[in-house]
$ cat coords.pdb   # PDB, C-alpha atoms and all ligand atoms
ATOM      1  CA  MET P  19       0.491 -18.999  -4.737
ATOM      2  CA  GLU P  20       3.887 -20.789  -4.900
ATOM      3  CA  ASN P  21       4.067 -19.976  -8.597
ATOM      4  CA  GLU P  22       4.026 -16.231  -8.016
ATOM      5  CA  LYS P  23       7.232 -14.244  -8.532
ATOM      6  CA  ILE P  24       6.744 -10.698  -7.325
ATOM      7  CA  LEU P  25       9.062  -7.805  -8.184
ATOM      8  CA  ILE P  26       8.976  -4.671  -6.010
ATOM      9  CA  THR P  27      10.547  -1.469  -7.343
ATOM     10  CA  GLY P  28      11.471   1.186  -4.781
ATOM     11  CA  ALA P  29      11.635  -1.553  -2.131
ATOM     12  CA  GLY P  30      13.893   0.583   0.078
ATOM     13  CA  GLY P  31      11.217   3.244   0.681
ATOM     14  CA  GLN P  32       8.841   3.766   3.601
ATOM     15  CA  LEU P  33       6.123   1.535   2.137
ATOM     16  CA  GLY P  34       8.445  -0.723   0.129
ATOM     17  CA  ARG P  35      10.419  -2.013   3.096
ATOM     18  CA  VAL P  36       7.399  -3.184   5.015
ATOM     19  CA  LEU P  37       5.423  -4.360   1.996
ATOM     20  CA  THR P  38       8.376  -6.469   0.830
ATOM     21  CA  GLN P  39       8.479  -8.210   4.206
ATOM     22  CA  ALA P  40       4.693  -8.748   4.164
ATOM     23  CA  LEU P  41       4.925 -10.311   0.691
ATOM     24  CA  ILE P  42       7.774 -12.546   1.879
ATOM     25  CA  ASP P  43       5.627 -13.604   4.855
ATOM     26  CA  ASN P  44       2.705 -14.392   2.538
ATOM     27  CA  TYR P  45       4.425 -15.909  -0.488
ATOM     28  CA  GLY P  46       7.843 -17.057   0.805
ATOM     29  CA  PRO P  47      11.314 -15.524   0.268
ATOM     30  CA  GLN P  48      11.885 -17.223  -3.084
ATOM     31  CA  SER P  49       8.727 -15.649  -4.514
ATOM     32  CA  VAL P  50       9.735 -12.041  -3.846
ATOM     33  CA  ILE P  51      12.461  -9.954  -5.550
ATOM     34  CA  ALA P  52      13.200  -6.592  -3.958
ATOM     35  CA  SER P  53      14.757  -3.877  -6.107
ATOM     36  CA  ASP P  54      15.836  -0.298  -5.655
ATOM     37  CA  ILE P  55      18.003   2.255  -7.425
ATOM     38  CA  LEU P  56      20.420   2.117  -4.464
ATOM     39  CA  PRO P  57      22.111  -0.985  -3.068
ATOM     40  CA  ILE P  58      20.206  -1.973   0.080
ATOM     41  CA  SER P  59      20.939  -4.854   2.411
ATOM     42  CA  ASN P  60      18.880  -6.772   4.966
ATOM     43  CA  PHE P  61      16.130  -8.050   2.716
ATOM     44  CA  ASP P  62      15.158 -11.673   3.396
ATOM     45  CA  CYS P  63      14.729 -12.249  -0.347
ATOM     46  CA  PRO P  64      16.809 -11.749  -3.510
ATOM     47  CA  PHE P  65      17.690  -8.086  -4.173
ATOM     48  CA  GLU P  66      18.519  -6.379  -7.482
ATOM     49  CA  ILE P  67      19.729  -2.856  -8.137
ATOM     50  CA  LEU P  68      17.214  -1.438 -10.633
ATOM     51  CA  ASP P  69      16.810   1.977 -12.199
ATOM     52  CA  ALA P  70      13.310   1.645 -13.663
ATOM     53  CA  HIS P  71      14.261   4.228 -16.309
ATOM     54  CA  ASN P  72      16.005   1.355 -18.005
ATOM     55  CA  VAL P  73      13.544  -0.878 -19.875
ATOM     56  CA  ALA P  74      16.208  -3.466 -20.688
ATOM     57  CA  ASP P  75      17.047  -3.866 -16.998
ATOM     58  CA  ILE P  76      13.377  -4.332 -16.050
ATOM     59  CA  ASN P  77      12.959  -6.934 -18.794
ATOM     60  CA  LYS P  78      16.132  -8.723 -17.729
ATOM     61  CA  ILE P  79      14.771  -9.147 -14.169
ATOM     62  CA  ILE P  80      11.335 -10.195 -15.469
ATOM     63  CA  HIS P  81      12.903 -12.951 -17.568
ATOM     64  CA  GLN P  82      15.600 -13.979 -15.103
ATOM     65  CA  TYR P  83      13.121 -14.536 -12.259
ATOM     66  CA  LYS P  84      10.014 -15.329 -14.367
ATOM     67  CA  ILE P  85       8.195 -12.417 -12.721
ATOM     68  CA  THR P  86       4.378 -12.686 -12.575
ATOM     69  CA  GLN P  87       3.511  -9.490 -10.636
ATOM     70  CA  ILE P  88       5.100  -6.053 -10.104
ATOM     71  CA  TYR P  89       4.514  -3.574  -7.281
ATOM     72  CA  HIS P  90       5.875  -0.366  -8.798
ATOM     73  CA  LEU P  91       6.634   1.807  -5.776
ATOM     74  CA  ALA P  92       9.608   3.829  -7.076
ATOM     75  CA  ALA P  93       8.621   7.534  -7.068
ATOM     76  CA  ILE P  94       9.501  10.985  -5.732
ATOM     77  CA  LEU P  95       6.986  12.272  -3.147
ATOM     78  CA  SER P  96       5.164  15.600  -2.865
ATOM     79  CA  ALA P  97       7.527  17.873  -0.928
ATOM     80  CA  LYS P  98      10.824  16.636  -2.369
ATOM     81  CA  GLY P  99       9.278  16.656  -5.845
ATOM     82  CA  GLU P 100       8.804  20.434  -5.719
ATOM     83  CA  ASN P 101      12.601  20.944  -5.571
ATOM     84  CA  ASN P 102      12.980  19.558  -9.051
ATOM     85  CA  PRO P 103       9.637  19.422 -10.886
ATOM     86  CA  LEU P 104      10.853  18.155 -14.264
ATOM     87  CA  ALA P 105      13.010  15.393 -12.789
ATOM     88  CA  THR P 106      10.082  14.361 -10.572
ATOM     89  CA  TRP P 107       7.751  14.133 -13.543
ATOM     90  CA  ASP P 108      10.364  12.150 -15.462
ATOM     91  CA  ILE P 109      11.024   9.684 -12.633
ATOM     92  CA  ASN P 110       7.373   9.158 -11.721
ATOM     93  CA  ILE P 111       6.013   8.910 -15.266
ATOM     94  CA  THR P 112       8.845   7.385 -17.330
ATOM     95  CA  THR P 113       9.334   4.541 -14.887
ATOM     96  CA  LEU P 114       5.571   3.872 -14.841
ATOM     97  CA  PHE P 115       5.449   3.689 -18.665
ATOM     98  CA  ASN P 116       8.433   1.328 -18.654
ATOM     99  CA  VAL P 117       6.813  -0.975 -16.118
ATOM    100  CA  LEU P 118       3.463  -0.895 -17.956
ATOM    101  CA  GLU P 119       5.070  -1.708 -21.306
ATOM    102  CA  CYS P 120       7.215  -4.522 -19.872
ATOM    103  CA  ALA P 121       4.194  -5.938 -18.027
ATOM    104  CA  LYS P 122       2.089  -5.849 -21.194
ATOM    105  CA  ASP P 123       4.789  -7.434 -23.366
ATOM    106  CA  SER P 124       5.483 -10.182 -20.819
ATOM    107  CA  ASN P 125       1.804 -10.790 -20.075
ATOM    108  CA  LEU P 126       2.183 -10.302 -16.332
ATOM    109  CA  LYS P 127      -0.726 -11.383 -14.150
ATOM    110  CA  LYS P 128      -1.014  -8.335 -11.879
ATOM    111  CA  LEU P 129       0.465  -4.921 -11.168
ATOM    112  CA  PHE P 130       0.206  -2.497  -8.256
ATOM    113  CA  PHE P 131       0.540   1.284  -8.631
ATOM    114  CA  PRO P 132       0.431   3.531  -5.550
ATOM    115  CA  SER P 133      -1.514   6.766  -5.957
ATOM    116  CA  SER P 134      -2.112   9.387  -3.274
ATOM    117  CA  ILE P 135      -4.469  11.936  -1.751
ATOM    118  CA  ALA P 136      -2.125  14.378  -3.564
ATOM    119  CA  VAL P 137      -4.322  13.898  -6.673
ATOM    120  CA  TYR P 138      -6.798  16.299  -5.054
ATOM    121  CA  GLY P 139      -6.525  20.072  -5.195
ATOM    122  CA  THR P 140      -8.470  23.135  -4.191
ATOM    123  CA  ALA P 141     -11.459  22.235  -6.421
ATOM    124  CA  ALA P 142     -12.405  19.196  -4.333
ATOM    125  CA  PRO P 143     -14.537  19.337  -1.165
ATOM    126  CA  LYS P 144     -12.177  19.015   1.801
ATOM    127  CA  ILE P 145     -14.267  16.801   4.050
ATOM    128  CA  ASN P 146     -15.184  13.252   3.046
ATOM    129  CA  THR P 147     -13.720  14.078  -0.377
ATOM    130  CA  PRO P 148     -15.586  12.054  -3.015
ATOM    131  CA  GLN P 149     -13.867   9.400  -5.089
ATOM    132  CA  HIS P 150     -14.962  11.039  -8.356
ATOM    133  CA  VAL P 151     -14.428  14.779  -8.447
ATOM    134  CA  PHE P 152     -12.489  17.317 -10.515
ATOM    135  CA  LEU P 153      -8.765  16.855  -9.829
ATOM    136  CA  ASN P 154      -6.455  19.901  -9.863
ATOM    137  CA  PRO P 155      -3.368  18.793  -7.907
ATOM    138  CA  SER P 156      -1.012  21.448  -6.554
ATOM    139  CA  THR P 157       2.230  19.447  -6.859
ATOM    140  CA  VAL P 158       4.116  17.686  -9.648
ATOM    141  CA  TYR P 159       3.832  14.515  -7.569
ATOM    142  CA  GLY P 160       0.047  14.909  -7.529
ATOM    143  CA  MET P 161       0.013  15.619 -11.281
ATOM    144  CA  SER P 162       2.050  12.478 -11.923
ATOM    145  CA  LYS P 163      -0.400  10.427  -9.836
ATOM    146  CA  VAL P 164      -3.437  11.800 -11.712
ATOM    147  CA  ALA P 165      -1.740  10.965 -15.021
ATOM    148  CA  GLY P 166      -0.660   7.570 -13.669
ATOM    149  CA  GLU P 167      -4.239   6.745 -12.662
ATOM    150  CA  GLN P 168      -5.434   7.582 -16.181
ATOM    151  CA  TRP P 169      -2.716   5.479 -17.780
ATOM    152  CA  ILE P 170      -3.293   2.387 -15.642
ATOM    153  CA  GLN P 171      -6.983   2.598 -16.479
ATOM    154  CA  TYR P 172      -6.030   2.828 -20.178
ATOM    155  CA  TYR P 173      -3.752  -0.238 -19.970
ATOM    156  CA  TYR P 174      -6.551  -2.134 -18.236
ATOM    157  CA  SER P 175      -9.219  -1.305 -20.802
ATOM    158  CA  LYS P 176      -6.990  -1.436 -23.875
ATOM    159  CA  TYR P 177      -4.751  -4.417 -23.046
ATOM    160  CA  GLY P 178      -6.559  -6.160 -20.182
ATOM    161  CA  LEU P 179      -3.615  -5.628 -17.802
ATOM    162  CA  ASP P 180      -4.838  -6.268 -14.240
ATOM    163  CA  ILE P 181      -3.480  -3.140 -12.514
ATOM    164  CA  ARG P 182      -4.787  -2.149  -9.101
ATOM    165  CA  SER P 183      -4.189   1.029  -7.153
ATOM    166  CA  LEU P 184      -4.803   2.859  -3.869
ATOM    167  CA  ARG P 185      -4.769   6.573  -3.110
ATOM    168  CA  TYR P 186      -2.733   6.421   0.090
ATOM    169  CA  PRO P 187      -3.081   9.083   2.753
ATOM    170  CA  GLY P 188      -0.014   9.872   4.924
ATOM    171  CA  ILE P 189       1.504   6.603   6.163
ATOM    172  CA  ILE P 190       2.741   6.341   9.756
ATOM    173  CA  GLY P 191       5.234   3.583  10.514
ATOM    174  CA  HIS P 192       8.203   2.914  12.778
ATOM    175  CA  GLN P 193      10.311   0.737  10.448
ATOM    176  CA  THR P 194      11.751   3.466   8.200
ATOM    177  CA  MET P 195      11.967   7.225   7.999
ATOM    178  CA  PRO P 196       9.635   8.617   5.333
ATOM    179  CA  GLY P 197      11.382  10.503   2.543
ATOM    180  CA  GLY P 198      10.188  13.785   1.123
ATOM    181  CA  GLY P 199       6.438  13.737   1.821
ATOM    182  CA  THR P 200       4.189  16.482   3.183
ATOM    183  CA  THR P 201       2.729  14.111   5.785
ATOM    184  CA  ASP P 202       6.167  13.033   7.137
ATOM    185  CA  TYR P 203       5.697  15.162  10.269
ATOM    186  CA  ALA P 204       3.365  12.488  11.663
ATOM    187  CA  VAL P 205       6.277  10.024  11.757
ATOM    188  CA  ASP P 206       9.070  12.464  12.695
ATOM    189  CA  ILE P 207       7.094  13.695  15.707
ATOM    190  CA  TYR P 208       7.249  10.256  17.393
ATOM    191  CA  HIS P 209      11.040  10.144  16.971
ATOM    192  CA  SER P 210      11.365  13.495  18.746
ATOM    193  CA  ALA P 211       9.002  12.368  21.516
ATOM    194  CA  VAL P 212      10.900   9.176  22.375
ATOM    195  CA  LYS P 213      14.219  11.085  22.230
ATOM    196  CA  ASN P 214      12.772  13.734  24.597
ATOM    197  CA  LYS P 215      13.413  16.465  22.049
ATOM    198  CA  THR P 216      11.268  19.481  21.195
ATOM    199  CA  PHE P 217       9.596  18.905  17.836
ATOM    200  CA  VAL P 218       9.581  21.646  15.217
ATOM    201  CA  CYS P 219       6.385  21.084  13.253
ATOM    202  CA  TYR P 220       6.220  22.466   9.695
ATOM    203  CA  ILE P 221       2.425  22.028   9.585
ATOM    204  CA  LYS P 222       0.073  24.350  11.527
ATOM    205  CA  GLU P 223      -1.446  22.846  14.664
ATOM    206  CA  ASP P 224      -4.996  22.715  13.312
ATOM    207  CA  THR P 225      -4.360  21.401   9.773
ATOM    208  CA  VAL P 226      -6.255  18.124   9.485
ATOM    209  CA  LEU P 227      -4.968  15.503   7.016
ATOM    210  CA  PRO P 228      -5.962  11.911   6.246
ATOM    211  CA  MET P 229      -3.503   9.333   7.593
ATOM    212  CA  ILE P 230      -3.146   5.575   8.004
ATOM    213  CA  TYR P 231      -1.035   3.287  10.187
ATOM    214  CA  ILE P 232       1.476   1.178   8.249
ATOM    215  CA  ASP P 233      -0.159  -2.134   9.287
ATOM    216  CA  ASP P 234      -3.495  -0.933   7.920
ATOM    217  CA  ALA P 235      -1.815   0.365   4.733
ATOM    218  CA  ILE P 236      -0.085  -2.980   4.121
ATOM    219  CA  ARG P 237      -3.239  -4.963   4.856
ATOM    220  CA  ALA P 238      -5.241  -2.743   2.479
ATOM    221  CA  THR P 239      -2.668  -3.298  -0.270
ATOM    222  CA  LEU P 240      -2.662  -7.078   0.134
ATOM    223  CA  GLU P 241      -6.453  -7.248   0.411
ATOM    224  CA  LEU P 242      -6.838  -5.213  -2.785
ATOM    225  CA  MET P 243      -4.286  -7.346  -4.642
ATOM    226  CA  GLU P 244      -5.808 -10.621  -3.473
ATOM    227  CA  ALA P 245      -9.439  -9.648  -4.128
ATOM    228  CA  PRO P 246     -11.165 -11.533  -6.976
ATOM    229  CA  LYS P 247     -10.781  -9.649 -10.254
ATOM    230  CA  GLU P 248     -14.528  -9.170 -10.668
ATOM    231  CA  ASN P 249     -14.662  -7.258  -7.347
ATOM    232  CA  ILE P 250     -12.276  -4.581  -8.610
ATOM    233  CA  LYS P 251     -14.781  -2.204 -10.141
ATOM    234  CA  LEU P 252     -12.552   0.863 -10.051
ATOM    235  CA  ARG P 253      -9.611   0.746 -12.436
ATOM    236  CA  SER P 254      -8.152   4.181 -11.663
ATOM    237  CA  SER P 255      -7.364   4.194  -7.912
ATOM    238  CA  TYR P 256      -9.374   3.594  -4.737
ATOM    239  CA  ASN P 257      -9.626   6.267  -2.036
ATOM    240  CA  LEU P 258      -8.298   4.873   1.237
ATOM    241  CA  GLN P 259      -8.770   6.355   4.694
ATOM    242  CA  GLY P 260      -7.440   5.237   8.040
ATOM    243  CA  LEU P 261      -8.168   8.240  10.231
ATOM    244  CA  SER P 262      -7.819  12.033  10.191
ATOM    245  CA  PHE P 263      -6.140  14.329  12.687
ATOM    246  CA  ALA P 264      -4.308  17.625  13.104
ATOM    247  CA  PRO P 265      -0.856  18.054  14.687
ATOM    248  CA  LYS P 266      -2.421  19.310  17.951
ATOM    249  CA  GLU P 267      -4.319  15.990  18.272
ATOM    250  CA  ILE P 268      -1.245  13.818  17.745
ATOM    251  CA  VAL P 269       0.558  15.961  20.343
ATOM    252  CA  GLU P 270      -2.279  15.342  22.807
ATOM    253  CA  SER P 271      -2.079  11.615  22.138
ATOM    254  CA  ILE P 272       1.718  11.577  22.615
ATOM    255  CA  ARG P 273       1.393  13.591  25.862
ATOM    256  CA  GLN P 274      -0.514  10.665  27.403
ATOM    257  CA  HIS P 275       2.918   8.961  27.362
ATOM    258  CA  TYR P 276       5.244  12.010  27.526
ATOM    259  CA  PRO P 277       3.344  14.730  29.440
ATOM    260  CA  HIS P 278       6.172  17.277  28.980
ATOM    261  CA  PHE P 279       6.542  16.801  25.225
ATOM    262  CA  GLU P 280       7.090  20.218  23.568
ATOM    263  CA  VAL P 281       6.193  21.294  20.029
ATOM    264  CA  VAL P 282       7.030  24.504  18.192
ATOM    265  CA  TYR P 283       5.058  25.370  15.049
ATOM    266  CA  GLN P 284       7.043  26.775  12.117
ATOM    267  CA  PRO P 285       4.980  26.230   8.945
ATOM    268  CA  ASP P 286       7.011  26.123   5.718
ATOM    269  CA  PHE P 287       6.248  25.447   2.033
ATOM    270  CA  ARG P 288       4.722  22.078   2.963
ATOM    271  CA  GLN P 289       1.870  23.930   4.690
ATOM    272  CA  SER P 290       0.732  25.318   1.334
ATOM    273  CA  ILE P 291       0.712  21.791  -0.112
ATOM    274  CA  ALA P 292      -1.274  20.461   2.878
ATOM    275  CA  ASP P 293      -3.757  23.338   2.465
ATOM    276  CA  THR P 294      -4.777  21.946  -0.932
ATOM    277  CA  TRP P 295      -5.315  18.377   0.297
ATOM    278  CA  PRO P 296      -8.463  16.790   1.752
ATOM    279  CA  GLN P 297      -9.048  16.552   5.483
ATOM    280  CA  SER P 298     -10.745  13.191   5.018
ATOM    281  CA  VAL P 299     -11.649  11.061   2.016
ATOM    282  CA  ASP P 300     -14.689   8.974   1.181
ATOM    283  CA  ASP P 301     -13.400   5.413   0.823
ATOM    284  CA  SER P 302     -16.818   3.773   0.565
ATOM    285  CA  GLU P 303     -16.003   2.196  -2.822
ATOM    286  CA  ALA P 304     -13.048   0.332  -1.263
ATOM    287  CA  ARG P 305     -15.307  -0.744   1.619
ATOM    288  CA  GLN P 306     -17.981  -1.942  -0.781
ATOM    289  CA  ASP P 307     -15.863  -3.629  -3.466
ATOM    290  CA  TRP P 308     -13.262  -5.495  -1.419
ATOM    291  CA  GLY P 309     -14.274  -5.017   2.213
ATOM    292  CA  TRP P 310     -11.831  -2.334   3.390
ATOM    293  CA  ARG P 311     -11.980  -1.496   7.143
ATOM    294  CA  PRO P 312      -9.218   0.363   9.043
ATOM    295  CA  HIS P 313      -8.207  -0.963  12.482
ATOM    296  CA  PHE P 314      -5.892   1.627  14.091
ATOM    297  CA  SER P 315      -7.062   4.723  15.998
ATOM    298  CA  LEU P 316      -4.718   7.614  16.822
ATOM    299  CA  ASP P 317      -4.142   6.362  20.369
ATOM    300  CA  ASP P 318      -3.443   2.830  19.058
ATOM    301  CA  ILE P 319      -0.869   4.318  16.672
ATOM    302  CA  SER P 320       0.797   6.273  19.488
ATOM    303  CA  VAL P 321       1.148   3.155  21.632
ATOM    304  CA  GLU P 322       2.600   1.163  18.715
ATOM    305  CA  MET P 323       4.970   3.888  17.526
ATOM    306  CA  ILE P 324       6.280   4.724  20.990
ATOM    307  CA  THR P 325       6.744   1.071  21.987
ATOM    308  CA  GLN P 326       8.510   0.124  18.763
ATOM    309  CA  LEU P 327      10.715   3.229  18.595
ATOM    310  CA  CYS P 328      11.773   2.935  22.254
ATOM    311  CA  TYR P 329      12.766  -0.667  21.567
ATOM    312  CA  ARG P 330      14.728   0.321  18.453
ATOM    313  CA  TYR P 331      16.545   3.240  20.078
ATOM    314  CA  GLU P 332      17.389   1.199  23.209
ATOM    315  CA  LEU P 333      18.811  -1.648  21.163
ATOM    316  CA  ASN P 334      20.333   0.639  18.537
ATOM    317  CA  ILE P 335      18.489  -1.124  15.720
ATOM    318  CA  PRO P 336      18.935   0.842  12.496
ATOM    319  CA  LEU P 337      15.638   2.197  11.228
ATOM    320  CA  THR P 338      15.843   0.505   7.880
ATOM    321  CA  GLN P 339      16.411  -2.928   9.399
ATOM    322  CA  LEU P 340      13.249  -4.949   9.757
TER     323      LEU P 340
HETATM  324  C1  LIG S 401       3.294  12.719   0.711
HETATM  325  O1  LIG S 401       3.104  13.400   1.738
HETATM  326  O2  LIG S 401       3.781  13.149  -0.327
HETATM  327  C2  LIG S 401       2.846  11.278   0.744
HETATM  328  C3  LIG S 401       1.470  11.130   0.194
HETATM  329  C4  LIG S 401       0.308  11.552   0.979
HETATM  330  O3  LIG S 401       1.322  10.666  -0.899
HETATM  331  N1  LIG S 401       2.924  10.763   2.075
END
$ encode --input "coords.pdb" --output "structure tokens" --more "lines below"
Ligand code: AKB
Amino acid sequence: MENEKILITGAGGQLGRVLTQALIDNYGPQSVIASDILPISNFDCPFEILDAHNVADINKIIHQYKITQIYHLAAILSAKGENNPLATWDINITTLFNVLECAKDSNLKKLFFPSSIAVYGTAAPKINTPQHVFLNPSTVYGMSKVAGEQWIQYYYSKYGLDIRSLRYPGIIGHQTMPGGGTTDYAVDIYHSAVKNKTFVCYIKEDTVLPMIYIDDAIRATLELMEAPKENIKLRSSYNLQGLSFAPKEIVESIRQHYPHFEVVYQPDFRQSIADTWPQSVDDSEARQDWGWRPHFSLDDISVEMITQLCYRYELNIPLTQL
């Protein structure tokens, strides 16, 4: 384990921040190199500015640090991606190709590629959505994840590259603000609650979506990456489910702590994205192959989010500081 050198791209994002810290905790600060397109401070490990469009820059970091694994998290999410479809496709796909090629040429041991429930579209059953079903995503982000899943499978079968992947549902965490996703409301709502503000919800009150608490999402990622190679039977991307709920249920859970919490529903374009996504996914292959089990219920998440956010706001701790 001491010999691992792990590069994270997009380390400043919602998942990247927390995953970087978890990797530091597991492997030690000298084994982890955080990178992002923007300069970001407060990492407890070396940090490099990296635009993953630039193959030479990726290779330079691989050789400089003798990288053995890459977690390629840099991407534009579903809602933000719709503002500029071609740029989203370019960022999500070009950077993936660059990372795959560099990993192949440098014979890296392992790679991680995050996929999403956004791969599904209107053709898939909405409840307990099967792992293997026709995929007709409604967003460029979803299209890039479907293509990405096909390409990682290709690099595995053609070149033997050990790439692993999860289809994340919406991730709820207190450490950072999410950026540009359709499921972001489930984080933003807790910020409004602890600040005693009315929340304007862009998703209808009864729209159910699959979600996961950040601790479960991080644990799933590490468990997948540490599982013996022979256990990883699926080389596209594993469905992953924490729990499912609608805005009205999260409001009910929050009202156990803030009985007067007010919400106004004003659905926008993100509603039409959510309408094409599953309500719950079948993650039995993840359970079977590498023992996935979620731990956090909605009420557990509310307690965690409210406690942590109250602490942060009281002490004025910036959201991006772990
Ligand atoms: C988004 O809403 O775009 C992401 C996702 C589900 O991949 N959180």
$ residues_around --input "coords.pdb" --residues "region 117-119 of chain P" --least-positions-apart "3" --cutoff "9 Å" --atoms "only C-alpha atoms" --output "VMD selection string"
chain P and resid 70 73 76 to 77 88 90 112 to 114 122 to 124 129 169 to 170 173 179
$ write_last_selection --input "coords.pdb" --atoms "C-alpha atoms" --output "short mmCIF file (atom, residue, chain, number, x, y, z; two decimals), in the coordinates of the input"
data_model
loop_
_atom_site.label_atom_id
_atom_site.label_comp_id
_atom_site.auth_asym_id
_atom_site.auth_seq_id
_atom_site.Cartn_x
_atom_site.Cartn_y
_atom_site.Cartn_z
CA ALA P 70 13.31 1.64 -13.66
CA VAL P 73 13.54 -0.88 -19.88
CA ILE P 76 13.38 -4.33 -16.05
CA ASN P 77 12.96 -6.93 -18.79
CA ILE P 88 5.10 -6.05 -10.10
CA HIS P 90 5.88 -0.37 -8.80
CA THR P 112 8.85 7.38 -17.33
CA THR P 113 9.33 4.54 -14.89
CA LEU P 114 5.57 3.87 -14.84
CA LYS P 122 2.09 -5.85 -21.19
CA ASP P 123 4.79 -7.43 -23.37
CA SER P 124 5.48 -10.18 -20.82
CA LEU P 129 0.46 -4.92 -11.17
CA TRP P 169 -2.72 5.48 -17.78
CA ILE P 170 -3.29 2.39 -15.64
CA TYR P 173 -3.75 -0.24 -19.97
CA LEU P 179 -3.62 -5.63 -17.80
#
$ closest_atom_pairs --input "coords.pdb" --of "region 65-177 of chain P" --to "region 33-42 of chain P" --cutoff "9 Å" --atoms "only C-alpha atoms" --output "Markdown table"
| residue | atom | partner | partner_atom | distance |
| --- | --- | --- | --- | --- |
| P:Tyr89 | CA | P:Gly34 | CA | 8.9 |
| P:Leu91 | CA | P:Gly34 | CA | 6.7 |
| P:Ala92 | CA | P:Gly34 | CA | 8.6 |
$ closest_residue --input "coords.pdb" --among "P:Asp202, P:Glu66, P:Glu22, P:Glu100" --to "ligand LIG 401 (chain S)" --atoms "all atoms listed in the file"
P:Asp202
$ residues_around --input "coords.pdb" --residues "Met195 (chain P)" --least-positions-apart "2" --cutoff "10 Å" --atoms "all atoms listed in the file" --output "PyMOL selection string"
chain P and resi 31-32+190-193+197-198+202+205-206+209+337-338
$ closest_residue --input "coords.pdb" --among "P:Ser262, P:Asn116, P:Thr200, P:Asn125" --to "Asp180 (chain P)" --atoms "only C-alpha atoms"
P:Asn125
